[in-house]
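*Asks:* Got a structure for you, questions after.
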Amino acid sequence: VLAAMLMISAYQVFTYISRQRSRGDVDLQELQGARHAINYLRRDFRSATPQIADAATLAQKRKALRMPIVEASSFSIGNEAVPVLISDGEIHFFKHLYDTPDGVSRPATEQVNYRIDSAHKCLVRSVAGVDTVFKDIKDAKFELYAHPLNPALPMLLVTLRINADQKDDKTGDYKFFEMTTTISSAITSPFINNPYWHIAQD
């Protein structure tokens with residue numbers, strides 16, 4: 001049933017895009033820019049994880065792993081246990097690096113930030129002091145999402161907005177086209193599916 005629903009949804013999206021393209025309402029370059037941004041988001045968020053310091057208390061560890069992804073209006077790196085933080089126009093998280101050297105007990109992580117630059121109307125990805133700008137993304141919305149088939153598994157719901165080809169005849173503004181997708185983290189899922197992770201430490 002889920003597979004059928006996904007196929008129907010994908011068919012509806014691509015049918016709509018094809019119809020808009022035939023009318024000249026979607027710029028192919030900006031559509032490609034949106035797909036490029038989504039690919040970056042998927043690669044980053046698939047290994048998103050709470051950042052838990054060695055000095056964190058057991059209570060802090062329990063809370064971070066019980067609620068690895070939370071909605072928040074502000075981000076603070078001062079906590080000993082930092083979950084994945086999602087706000088309306090910005091997300092902060094740490095991700096595992098797959099090139100961690102052999103023999104290292106804890107995987108290396110790096111901090112990732114996606115945010116909308118309202119002044120320049122673009123999406124910005126910041127990692128290790130390096131910014132990647134997605135100029136085709138004019139606005140974005142990030143939300144915490146729970147799928148009805150597995151509401152215990154938190155997902156990131158992303159909505160990206162790009163300009164369409166044509167401007168509104170009355171206002172002179174561009175029409176917008178939105179792309180929406182959901183992304184889950186392969187690392188946070190086991191934390192929730194195994195609620196007894198902490199027993200060995202009690």
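Residue numbering restarts at 1 for every chain of the structure tokens, chains are lettered A, B, ... in their displayed order, and ligands are numbered from 1 as they appear.
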Could you give me, as a list in words, the residues within 10 Å of Ile116 in chain A, counting only C-alpha atoms and dropping anything in the same chain fewer than 2 positions from it?
*Replies:*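 Once the nearby chain positions are removed, what remains is Asp88, Gly89, Glu90, Ile91, Tyr114, Ser118, Ala119, His120, Lys121, Cys122, Leu123, Val124, Arg125, Val133, Phe134, Ile137, Lys138, Asp139, Ala140 and Lys141 of chain A.
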*Asks:* Using only N, CA and C atoms, please write the residues we just selected to a file, as an mmCIF file, in the first residue's frame.
*Replies:*
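Done, and the output landed in out-v1.cif:
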```cif
data_model
loop_
_atom_site.group_PDB
_atom_site.id
_atom_site.type_symbol
_atom_site.label_atom_id
_atom_site.label_comp_id
_atom_site.auth_asym_id
_atom_site.auth_seq_id
_atom_site.Cartn_x
_atom_site.Cartn_y
_atom_site.Cartn_z
ATOM 1 N N ASP A 88 11.992 26.832 11.420
ATOM 2 C CA ASP A 88 11.224 27.077 10.201
ATOM 3 C C ASP A 88 12.111 27.301 8.979
ATOM 4 N N GLY A 89 13.130 28.144 9.112
ATOM 5 C CA GLY A 89 13.971 28.460 7.958
ATOM 6 C C GLY A 89 15.416 28.064 8.129
ATOM 7 N N GLU A 90 15.682 27.140 9.076
ATOM 8 C CA GLU A 90 17.076 26.796 9.372
ATOM 9 C C GLU A 90 17.142 25.449 10.078
ATOM 10 N N ILE A 91 18.196 24.676 9.791
ATOM 11 C CA ILE A 91 18.428 23.426 10.509
ATOM 12 C C ILE A 91 19.901 23.337 10.906
ATOM 13 N N TYR A 114 21.998 24.503 7.473
ATOM 14 C CA TYR A 114 21.295 24.996 6.288
ATOM 15 C C TYR A 114 20.406 26.150 6.737
ATOM 16 N N SER A 118 17.839 35.609 3.814
ATOM 17 C CA SER A 118 16.692 36.412 3.381
ATOM 18 C C SER A 118 17.110 37.639 2.581
ATOM 19 N N ALA A 119 18.318 38.148 2.833
ATOM 20 C CA ALA A 119 18.775 39.336 2.111
ATOM 21 C C ALA A 119 19.055 39.026 0.643
ATOM 22 N N HIS A 120 19.678 37.871 0.394
ATOM 23 C CA HIS A 120 20.033 37.501 -0.978
ATOM 24 C C HIS A 120 19.073 36.477 -1.580
ATOM 25 N N LYS A 121 18.100 36.027 -0.781
ATOM 26 C CA LYS A 121 17.091 35.069 -1.235
ATOM 27 C C LYS A 121 17.736 33.828 -1.852
ATOM 28 N N CYS A 122 18.446 33.106 -1.002
ATOM 29 C CA CYS A 122 19.082 31.868 -1.440
ATOM 30 C C CYS A 122 19.249 30.948 -0.233
ATOM 31 N N LEU A 123 19.473 29.677 -0.502
ATOM 32 C CA LEU A 123 19.735 28.695 0.545
ATOM 33 C C LEU A 123 21.240 28.549 0.701
ATOM 34 N N VAL A 124 21.713 28.553 1.949
ATOM 35 C CA VAL A 124 23.148 28.464 2.225
ATOM 36 C C VAL A 124 23.429 27.241 3.091
ATOM 37 N N ARG A 125 24.400 26.452 2.677
ATOM 38 C CA ARG A 125 24.873 25.301 3.455
ATOM 39 C C ARG A 125 26.249 25.646 4.003
ATOM 40 N N VAL A 133 26.333 27.929 -1.715
ATOM 41 C CA VAL A 133 25.139 28.739 -1.963
ATOM 42 C C VAL A 133 24.306 28.105 -3.068
ATOM 43 N N PHE A 134 23.032 27.907 -2.779
ATOM 44 C CA PHE A 134 22.083 27.409 -3.777
ATOM 45 C C PHE A 134 21.231 28.601 -4.202
ATOM 46 N N ILE A 137 17.317 28.508 -4.974
ATOM 47 C CA ILE A 137 16.330 28.312 -3.910
ATOM 48 C C ILE A 137 16.004 29.668 -3.297
ATOM 49 N N LYS A 138 14.804 30.143 -3.507
ATOM 50 C CA LYS A 138 14.417 31.471 -3.036
ATOM 51 C C LYS A 138 13.847 31.447 -1.625
ATOM 52 N N ASP A 139 13.365 30.293 -1.190
ATOM 53 C CA ASP A 139 12.834 30.166 0.164
ATOM 54 C C ASP A 139 12.807 28.683 0.516
ATOM 55 N N ALA A 140 12.822 28.394 1.803
ATOM 56 C CA ALA A 140 12.789 27.003 2.254
ATOM 57 C C ALA A 140 12.080 26.931 3.596
ATOM 58 N N LYS A 141 11.467 25.796 3.830
ATOM 59 C CA LYS A 141 10.802 25.555 5.106
ATOM 60 C C LYS A 141 11.176 24.167 5.591
#
```
*Asks:* Do you know which residues are at most 8 Å from range 53-57 of chain A counting only C-alpha atoms, after dropping those on the same chain fewer than 3 positions away, and could you put them as a VMD selection string?
*Replies:* chain A and resid 60 to 61 80 to 81
*Asks:* Save the residues we just selected, N, CA and C atoms, as an mmCIF file, in the first residue's frame?
*Replies:*
```cif
data_model
loop_
_atom_site.group_PDB
_atom_site.id
_atom_site.type_symbol
_atom_site.label_atom_id
_atom_site.label_comp_id
_atom_site.auth_asym_id
_atom_site.auth_seq_id
_atom_site.Cartn_x
_atom_site.Cartn_y
_atom_site.Cartn_z
ATOM 1 N N GLN A 60 21.233 13.464 30.372
ATOM 2 C CA GLN A 60 21.364 14.198 29.112
ATOM 3 C C GLN A 60 21.455 13.241 27.925
ATOM 4 N N LYS A 61 22.187 12.150 28.106
ATOM 5 C CA LYS A 61 22.303 11.164 27.032
ATOM 6 C C LYS A 61 20.948 10.530 26.732
ATOM 7 N N GLU A 80 25.959 19.856 26.562
ATOM 8 C CA GLU A 80 26.774 18.650 26.468
ATOM 9 C C GLU A 80 26.161 17.626 25.517
ATOM 10 N N ALA A 81 24.851 17.710 25.320
ATOM 11 C CA ALA A 81 24.156 16.809 24.403
ATOM 12 C C ALA A 81 23.266 17.654 23.488
#
```
*Asks:* Extract, using only C-alpha atoms, all DNA, RNA and protein residues at most 8 Å from range 38-45 of chain A, discarding same-chain residues fewer than 4 positions from it, and format them as a PDB file with N, CA, C and O atoms, in the first residue's frame.
*Replies:*
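Below is the file that was written, out_7.pdb:
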```pdb
ATOM      1  N   ALA A  34      17.110  23.041  -7.647  1.00  0.00           N
ATOM      2  CA  ALA A  34      16.359  22.505  -6.511  1.00  0.00           C
ATOM      3  C   ALA A  34      16.718  21.045  -6.271  1.00  0.00           C
ATOM      4  O   ALA A  34      16.895  20.608  -5.128  1.00  0.00           O
ATOM      5  N   LYS A  95      26.837  15.486  11.653  1.00  0.00           N
ATOM      6  CA  LYS A  95      26.721  14.268  10.860  1.00  0.00           C
ATOM      7  C   LYS A  95      27.982  13.433  11.008  1.00  0.00           C
ATOM      8  O   LYS A  95      29.088  13.952  11.175  1.00  0.00           O
ATOM      9  N   VAL A 112      26.784  20.804  10.575  1.00  0.00           N
ATOM     10  CA  VAL A 112      26.167  21.211   9.310  1.00  0.00           C
ATOM     11  C   VAL A 112      25.034  22.186   9.606  1.00  0.00           C
ATOM     12  O   VAL A 112      24.270  21.994  10.555  1.00  0.00           O
ATOM     13  N   ILE A 183      13.075  13.325   4.547  1.00  0.00           N
ATOM     14  CA  ILE A 183      14.371  12.671   4.695  1.00  0.00           C
ATOM     15  C   ILE A 183      14.478  12.141   6.118  1.00  0.00           C
ATOM     16  O   ILE A 183      14.110  12.832   7.072  1.00  0.00           O
ATOM     17  N   SER A 184      14.981  10.937   6.265  1.00  0.00           N
ATOM     18  CA  SER A 184      15.202  10.374   7.597  1.00  0.00           C
ATOM     19  C   SER A 184      16.691  10.132   7.801  1.00  0.00           C
ATOM     20  O   SER A 184      17.460  10.033   6.844  1.00  0.00           O
ATOM     21  N   SER A 185      17.085  10.044   9.057  1.00  0.00           N
ATOM     22  CA  SER A 185      18.473   9.757   9.395  1.00  0.00           C
ATOM     23  C   SER A 185      18.625   8.276   9.711  1.00  0.00           C
ATOM     24  O   SER A 185      17.893   7.731  10.540  1.00  0.00           O
TER      25      SER A 185
END
```
*Asks:* Enumerate, as number ranges by chain, the complete set of residues in range 57-191 of chain A that a backbone-based DSSP assignment places in alpha helix (DSSP H).
*Replies:* A: 58-66, 188-191
*Asks:* Which one is closest to Ile52 in chain A: A:Phe176, A:Asp131, A:Met155, A:Pro83? Count only C-alpha atoms.
*Replies:*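 Ranking A:Phe176, A:Asp131, A:Met155, A:Pro83 by distance to Ile52 in chain A, first place goes to A:Pro83.
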*Asks:* When you count only C-alpha atoms, which of these residues is closest to Met67 in chain A: A:Pro154, A:Pro107, A:Gly33, A:Gly129?
*Replies:*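 Nearest candidate to Met67 in chain A out of A:Pro154, A:Pro107, A:Gly33, A:Gly129: A:Pro154.
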*Asks:* In range 130-165 of chain A, what's strand (DSSP E) per DSSP? Answer as a PyMOL selection string?
*Replies:* chain A and resi 130-134+139-147+150-165
*Asks:* Near Glu178 in chain A, counting only C-alpha atoms, which residues have an atom at most 9 Å away, once you skip same-chain residues fewer than 6 positions from it, shown as a PDB file with C-alpha atoms, in the first residue's frame?
*Replies:*
```pdb
ATOM      1  CA  THR A 159       9.874  22.426   1.176  1.00  0.00           C
ATOM      2  CA  LEU A 160      11.993  24.342  -1.341  1.00  0.00           C
ATOM      3  CA  ARG A 161      10.651  27.227  -3.388  1.00  0.00           C
ATOM      4  CA  ILE A 162      12.028  28.278  -6.762  1.00  0.00           C
ATOM      5  CA  ASN A 163      11.010  30.930  -9.258  1.00  0.00           C
TER       6      ASN A 163
END
```
*Asks:* Residues within 7 Å of Gln111 in chain A, please, as a compact mmCIF listing (two decimals) with C-alpha atoms, in the first residue's frame. Count only C-alpha atoms; anything in the same chain fewer than 3 positions from it doesn't count.
*Replies:*
```txt
# COMPACT_ATOMS: atom_id res chain seq x y z
CA PHE A 93 22.93 19.08 13.09
CA PHE A 94 26.09 17.05 13.34
CA LYS A 95 26.72 14.27 10.86
CA VAL A 127 30.14 23.07 6.84
CA ALA A 128 33.59 23.54 8.42
```
*Asks:* From the set A:Thr182, A:Gln29, A:Thr49, A:Ser73, which residue has the shortest atom-to-atom contact distance to Leu144 in chain A, counting only C-alpha atoms?
*Replies:* A:Thr182
